[in-house]
Amino acid sequence: MSYEKYQNALSAGRREYRARLLKGGYPYLPALDETLSFAQVEYEVNLGVCEVPMELIVGTKTKGRTNSFAANYMPLLEASSEFATKWIRLYTTLEEEGLRDPVKVYEFMNRFYVQEGNKRVSILKFLNAYSIPCSVIRIVPKRTDAKENEIYYEFLDFYEITGLNNVNFSEKGRFAKLLAQVGTPKGEKWTYDDRMEFDSVFFHFRNAFEAKGGSKLPITVGDAFLAFITVFGYQETRQKTEQEIKKDLSKIWDEFLVLTDEQSIELLMDPPKEEVSHNLYRNLLNLVLPDNASRVKIAFLYEKDHRSSSWTYSHELGRLYLENVFPGQVETKAFENIVAGENDLEKMEQVIKDGYNVLFTTTPVMIPASLKIAANHPDVKILNCSQNISHPTLRTYYARMYEAKFLAGIPTPEYSWTGVL
């Protein structure tokens, strides 16, 4: 039986080998020593025994065993070789007794390279194991301004707080955003229970995400997880089954496509000329109206009331203007004194239940609730007043405030921003 397993692993290794060659890639395992010959090292630290995700074990420490494995860690040597005999014998031992000793690895840029235990890693990868206990020595590169290096140093800060190495991001700033979404107080380290709870949630999300084809997207599971809990909340996600996560993933799949797209947000820079303003406003409104809607009910949700807030008052003028420009077509209503994080989600659900099919959420603090509503009610159009928010399920708009600030003598950023629909 173990001989047949080796034959299957060998076939997988040869397929990977050929696929890499056809794409012009390196078909063997990378060796860390070769990578380090081009890098400057700051220091090394012994992390002790850690649980390491199998997907992050990507190569060997030295070049000695490189040609024995394909890039996916499957064997390449004939079944009649001494290497194969040892692989088969170890497979039987692991099957009967389990893993007794941790594998010795080096970590560099949150990727792991095996010094001792390559066959054990190969077998466990063949068996689709999720993780493996490893004795880890971390090699930290000198700090540079390279993007990958800056992300890694953010990871080191994240690791210091959480002790987790199974989360990776493709962009800067996302480790801090993840901690904020989870609700970690600044400077507070995670407990063992915190880690176990997060590992469980992240594991179920990973399964659901990959089952829907997420591994084909050029983003990390961490990128997708952060986008998911930004919409649905970490505490709520903790309570979901994998099947429920899959359903919610379908609602916001376009969010992940945005993470892969570097296109800038489309901005509406110039106001319409007076003689064509009514027609243009009608055309713009058509972009956000529900299909085949003969009468549109629009709810304006305000954080304050229009008598005490000039911000709310300016929106109220816009609401009244809508009714004036679209008599008989548009019905609007204002909802004031809504508290973000307390009753905003409840109020949005209520106005949708009352038949409102366009919602203006007029402050950035309502973004979390707006995203959740947009995901759960794709037939309802949500417009949030905020800057540079890139969510396909949520439209944003904003005033050209920098011009007024300039005239008032208020310092402004180097760049300018205008509203979007």
# chains A, B, ... in the order shown; residues from 1 in each chain; ligands from 1
call {"tool": "closest_atom_pairs", "arguments": {"of": "region 96-134 of chain A", "to": "region 155-160 of chain A", "cutoff": "12 Å", "atoms": "only C-alpha atoms", "output": "tab-separated table"}}
result
residue	atom	partner	partner_atom	distance
A:Glu107	CA	A:Leu156	CA	11.9
A:Phe108	CA	A:Leu156	CA	11.3
A:Met109	CA	A:Phe155	CA	9.0
A:Asn110	CA	A:Phe155	CA	8.3
A:Arg111	CA	A:Phe155	CA	12.0
call {"tool": "write_last_selection", "arguments": {"atoms": "N, CA and C atoms", "output": "PDB file, in the first residue's frame"}}
result
ATOM      1  N   GLU A 107      13.007  30.052   9.035  1.00  0.00           N
ATOM      2  CA  GLU A 107      11.988  30.946   8.477  1.00  0.00           C
ATOM      3  C   GLU A 107      12.645  32.209   7.945  1.00  0.00           C
ATOM      4  N   PHE A 108      12.303  32.582   6.715  1.00  0.00           N
ATOM      5  CA  PHE A 108      12.797  33.813   6.106  1.00  0.00           C
ATOM      6  C   PHE A 108      11.644  34.436   5.333  1.00  0.00           C
ATOM      7  N   MET A 109      11.281  35.663   5.679  1.00  0.00           N
ATOM      8  CA  MET A 109      10.170  36.382   5.040  1.00  0.00           C
ATOM      9  C   MET A 109       8.858  35.591   5.146  1.00  0.00           C
ATOM     10  N   ASN A 110       8.670  34.939   6.305  1.00  0.00           N
ATOM     11  CA  ASN A 110       7.486  34.112   6.587  1.00  0.00           C
ATOM     12  C   ASN A 110       7.300  32.988   5.578  1.00  0.00           C
ATOM     13  N   ARG A 111       8.399  32.465   5.087  1.00  0.00           N
ATOM     14  CA  ARG A 111       8.426  31.227   4.313  1.00  0.00           C
ATOM     15  C   ARG A 111       9.414  30.302   5.000  1.00  0.00           C
TER      16      ARG A 111
END
call {"tool": "residues_around", "arguments": {"residues": "Leu179 (chain A)", "least_positions_apart": "3", "cutoff": "10 Å", "atoms": "only C-alpha atoms", "output": "list in words"}}
result
Phe158, Ile161, Thr162, Arg174, Phe175, Ala176, Val182, Gly183, Thr184, Pro185, Lys186 and Leu226 of chain A
call {"tool": "closest_residue", "arguments": {"among": "A:Glu16, A:Glu336, A:Glu331, A:Glu349", "to": "Thr312 (chain A)", "atoms": "only C-alpha atoms"}}
result
A:Glu336
call {"tool": "closest_residue", "arguments": {"among": "A:Glu171, A:Asp33, A:Asp379, A:Glu51", "to": "Arg195 (chain A)", "atoms": "only C-alpha atoms"}}
result
A:Glu51
call {"tool": "residues_around", "arguments": {"residues": "Leu345 (chain A)", "least_positions_apart": "5", "cutoff": "9 Å", "atoms": "only C-alpha atoms", "output": "PyMOL selection string"}}
result
chain A and resi 340+350+366+368-370+372-373
call {"tool": "atom_distance", "arguments": {"atom1": "CA of Gly213 (chain A)", "atom2": "CA of Gln243 (chain A)"}}
result
14.7 Å
call {"tool": "residues_around", "arguments": {"residues": "Asn128 (chain A)", "least_positions_apart": "3", "cutoff": "12 Å", "atoms": "only C-alpha atoms", "output": "VMD selection string"}}
result
chain A and resid 9 53 to 55 72 to 74 121 to 125 131 to 132
call {"tool": "select_by_dssp", "arguments": {"residues": "region 3-251 of chain A", "states": "strand (DSSP E or B)", "output": "PyMOL selection string"}}
result
chain A and resi 28+31+41-53+57-60+69-70+75+103-108+111-116+131-141
call {"tool": "residues_around", "arguments": {"residues": "Tyr313 (chain A)", "least_positions_apart": "3", "cutoff": "12 Å", "atoms": "only C-alpha atoms", "output": "JSON, numbers by chain"}}
result
{"A": [300, 302, 303, 304, 305, 306, 307, 308, 309, 310, 316, 317, 318, 319, 320, 334, 336, 362]}
call {"tool": "residues_around", "arguments": {"residues": "region 141-149 of chain A", "least_positions_apart": "2", "cutoff": "8 Å", "atoms": "only C-alpha atoms", "output": "list in words"}}
result
Ala39, Gln40, Val41, Glu42, Tyr43, Phe108, Met109, Ile139, Ile151, Tyr152, Tyr153, Glu171 and Lys172 of chain A
call {"tool": "write_last_selection", "arguments": {"atoms": "all heavy atoms", "output": "CSV table (one decimal), in the first residue's frame"}}
result
chain,number,residue,atom,x,y,z
A,39,ALA,N,20.9,38.4,0.0
A,39,ALA,CA,20.2,39.2,1.0
A,39,ALA,C,21.1,39.6,2.1
A,39,ALA,O,22.1,38.9,2.4
A,39,ALA,CB,19.0,38.4,1.5
A,40,GLN,N,20.8,40.7,2.8
A,40,GLN,CA,21.5,41.1,3.9
A,40,GLN,C,20.7,40.8,5.2
A,40,GLN,O,19.5,41.1,5.3
A,40,GLN,CB,21.7,42.6,3.9
A,40,GLN,CG,22.7,43.1,2.8
A,40,GLN,CD,23.0,44.6,2.9
A,40,GLN,OE1,22.0,45.4,2.9
A,40,GLN,NE2,24.2,45.0,3.0
A,41,VAL,N,21.3,40.1,6.1
A,41,VAL,CA,20.6,39.6,7.3
A,41,VAL,C,20.9,40.5,8.5
A,41,VAL,O,22.0,40.9,8.7
A,41,VAL,CB,21.1,38.1,7.6
A,41,VAL,CG1,20.5,37.7,8.9
A,41,VAL,CG2,20.7,37.2,6.5
A,42,GLU,N,19.8,40.8,9.2
A,42,GLU,CA,19.9,41.7,10.4
A,42,GLU,C,20.2,40.8,11.6
A,42,GLU,O,21.2,41.1,12.3
A,42,GLU,CB,18.6,42.4,10.6
A,42,GLU,CG,18.5,43.4,11.7
A,42,GLU,CD,19.4,44.6,11.4
A,42,GLU,OE1,19.5,45.0,10.3
A,42,GLU,OE2,19.9,45.2,12.4
A,43,TYR,N,19.5,39.7,11.8
A,43,TYR,CA,19.8,38.9,13.0
A,43,TYR,C,19.0,37.6,12.8
A,43,TYR,O,18.1,37.4,11.9
A,43,TYR,CB,19.4,39.6,14.3
A,43,TYR,CG,17.9,39.9,14.4
A,43,TYR,CD1,17.0,39.0,15.0
A,43,TYR,CD2,17.4,41.1,14.0
A,43,TYR,CE1,15.7,39.3,15.1
A,43,TYR,CE2,16.1,41.4,14.2
A,43,TYR,CZ,15.2,40.5,14.7
A,43,TYR,OH,13.9,40.8,14.8
A,108,PHE,N,12.3,32.6,6.7
A,108,PHE,CA,12.8,33.8,6.1
A,108,PHE,C,11.6,34.4,5.3
A,108,PHE,O,11.0,33.8,4.5
A,108,PHE,CB,14.0,33.5,5.2
A,108,PHE,CG,14.6,34.7,4.5
A,108,PHE,CD1,15.3,35.7,5.3
A,108,PHE,CD2,14.4,35.0,3.2
A,108,PHE,CE1,15.8,36.8,4.7
A,108,PHE,CE2,14.9,36.1,2.5
A,108,PHE,CZ,15.6,37.0,3.3
A,109,MET,N,11.3,35.7,5.7
A,109,MET,CA,10.2,36.4,5.0
A,109,MET,C,8.9,35.6,5.1
A,109,MET,O,8.1,35.6,4.2
A,109,MET,CB,10.5,36.7,3.6
A,109,MET,CG,11.7,37.6,3.4
A,109,MET,SD,11.5,39.3,3.9
A,109,MET,CE,10.4,39.9,2.6
A,139,ILE,N,15.2,34.0,10.4
A,139,ILE,CA,16.3,34.9,9.9
A,139,ILE,C,15.6,36.1,9.4
A,139,ILE,O,14.8,36.1,8.5
A,139,ILE,CB,17.0,34.2,8.7
A,139,ILE,CG1,17.6,32.8,9.2
A,139,ILE,CG2,18.0,35.1,8.1
A,139,ILE,CD1,18.3,32.1,8.0
A,151,ILE,N,6.2,44.9,4.3
A,151,ILE,CA,5.1,44.0,4.7
A,151,ILE,C,5.6,43.0,5.7
A,151,ILE,O,4.9,42.7,6.7
A,151,ILE,CB,4.4,43.3,3.5
A,151,ILE,CG1,3.7,44.3,2.6
A,151,ILE,CG2,3.5,42.2,4.0
A,151,ILE,CD1,3.2,43.7,1.3
A,152,TYR,N,6.8,42.5,5.5
A,152,TYR,CA,7.3,41.5,6.5
A,152,TYR,C,7.5,42.1,7.8
A,152,TYR,O,7.2,41.5,8.9
A,152,TYR,CB,8.6,40.9,5.9
A,152,TYR,CG,9.2,39.9,6.9
A,152,TYR,CD1,8.6,38.6,7.1
A,152,TYR,CD2,10.4,40.2,7.6
A,152,TYR,CE1,9.2,37.7,7.9
A,152,TYR,CE2,11.0,39.2,8.4
A,152,TYR,CZ,10.3,38.0,8.6
A,152,TYR,OH,10.8,37.1,9.5
A,153,TYR,N,8.0,43.3,7.9
A,153,TYR,CA,8.2,44.0,9.2
A,153,TYR,C,6.9,44.2,9.9
A,153,TYR,O,6.8,44.2,11.1
A,153,TYR,CB,9.1,45.2,9.0
A,153,TYR,CG,10.6,44.9,9.2
A,153,TYR,CD1,11.3,44.5,8.2
A,153,TYR,CD2,11.2,45.1,10.5
A,153,TYR,CE1,12.7,44.2,8.3
A,153,TYR,CE2,12.5,44.8,10.6
A,153,TYR,CZ,13.3,44.4,9.6
A,153,TYR,OH,14.6,44.1,9.8
A,171,GLU,N,-0.6,43.6,0.6
A,171,GLU,CA,-0.4,45.0,0.6
A,171,GLU,C,-0.1,45.5,2.1
A,171,GLU,O,-0.4,44.8,3.0
A,171,GLU,CB,-1.7,45.7,0.2
A,171,GLU,CG,-2.1,45.4,-1.3
A,171,GLU,CD,-1.1,46.0,-2.3
A,171,GLU,OE1,-0.4,47.0,-1.9
A,171,GLU,OE2,-1.0,45.5,-3.4
A,172,LYS,N,0.6,46.6,2.1
A,172,LYS,CA,0.9,47.2,3.4
A,172,LYS,C,-0.3,47.7,4.2
A,172,LYS,O,-1.3,48.0,3.6
A,172,LYS,CB,1.9,48.4,3.2
A,172,LYS,CG,3.3,48.0,2.7
A,172,LYS,CD,4.2,49.1,2.6
A,172,LYS,CE,3.8,50.2,1.6
A,172,LYS,NZ,4.7,51.3,1.5
call {"tool": "select_by_dssp", "arguments": {"residues": "region 147-196 of chain A", "states": "alpha helix (DSSP H)", "output": "PyMOL selection string"}}
result
chain A and resi 147-162+174-182+192-196
call {"tool": "residues_around", "arguments": {"residues": "Lys246 (chain A)", "least_positions_apart": "6", "cutoff": "8 Å", "atoms": "only C-alpha atoms", "output": "list in words"}}
result
Ala208, Phe209 and Lys212 of chain A
call {"tool": "atom_distance", "arguments": {"atom1": "CA of Gly187 (chain A)", "atom2": "CA of Leu47 (chain A)"}}
result
20.7 Å
call {"tool": "closest_residue", "arguments": {"among": "A:Leu383, A:Leu257, A:Val103, A:Leu322", "to": "Leu301 (chain A)", "atoms": "only C-alpha atoms"}}
result
A:Leu383
call {"tool": "atom_distance", "arguments": {"atom1": "CA of Leu56 (chain A)", "atom2": "CA of Val167 (chain A)"}}
result
10.1 Å
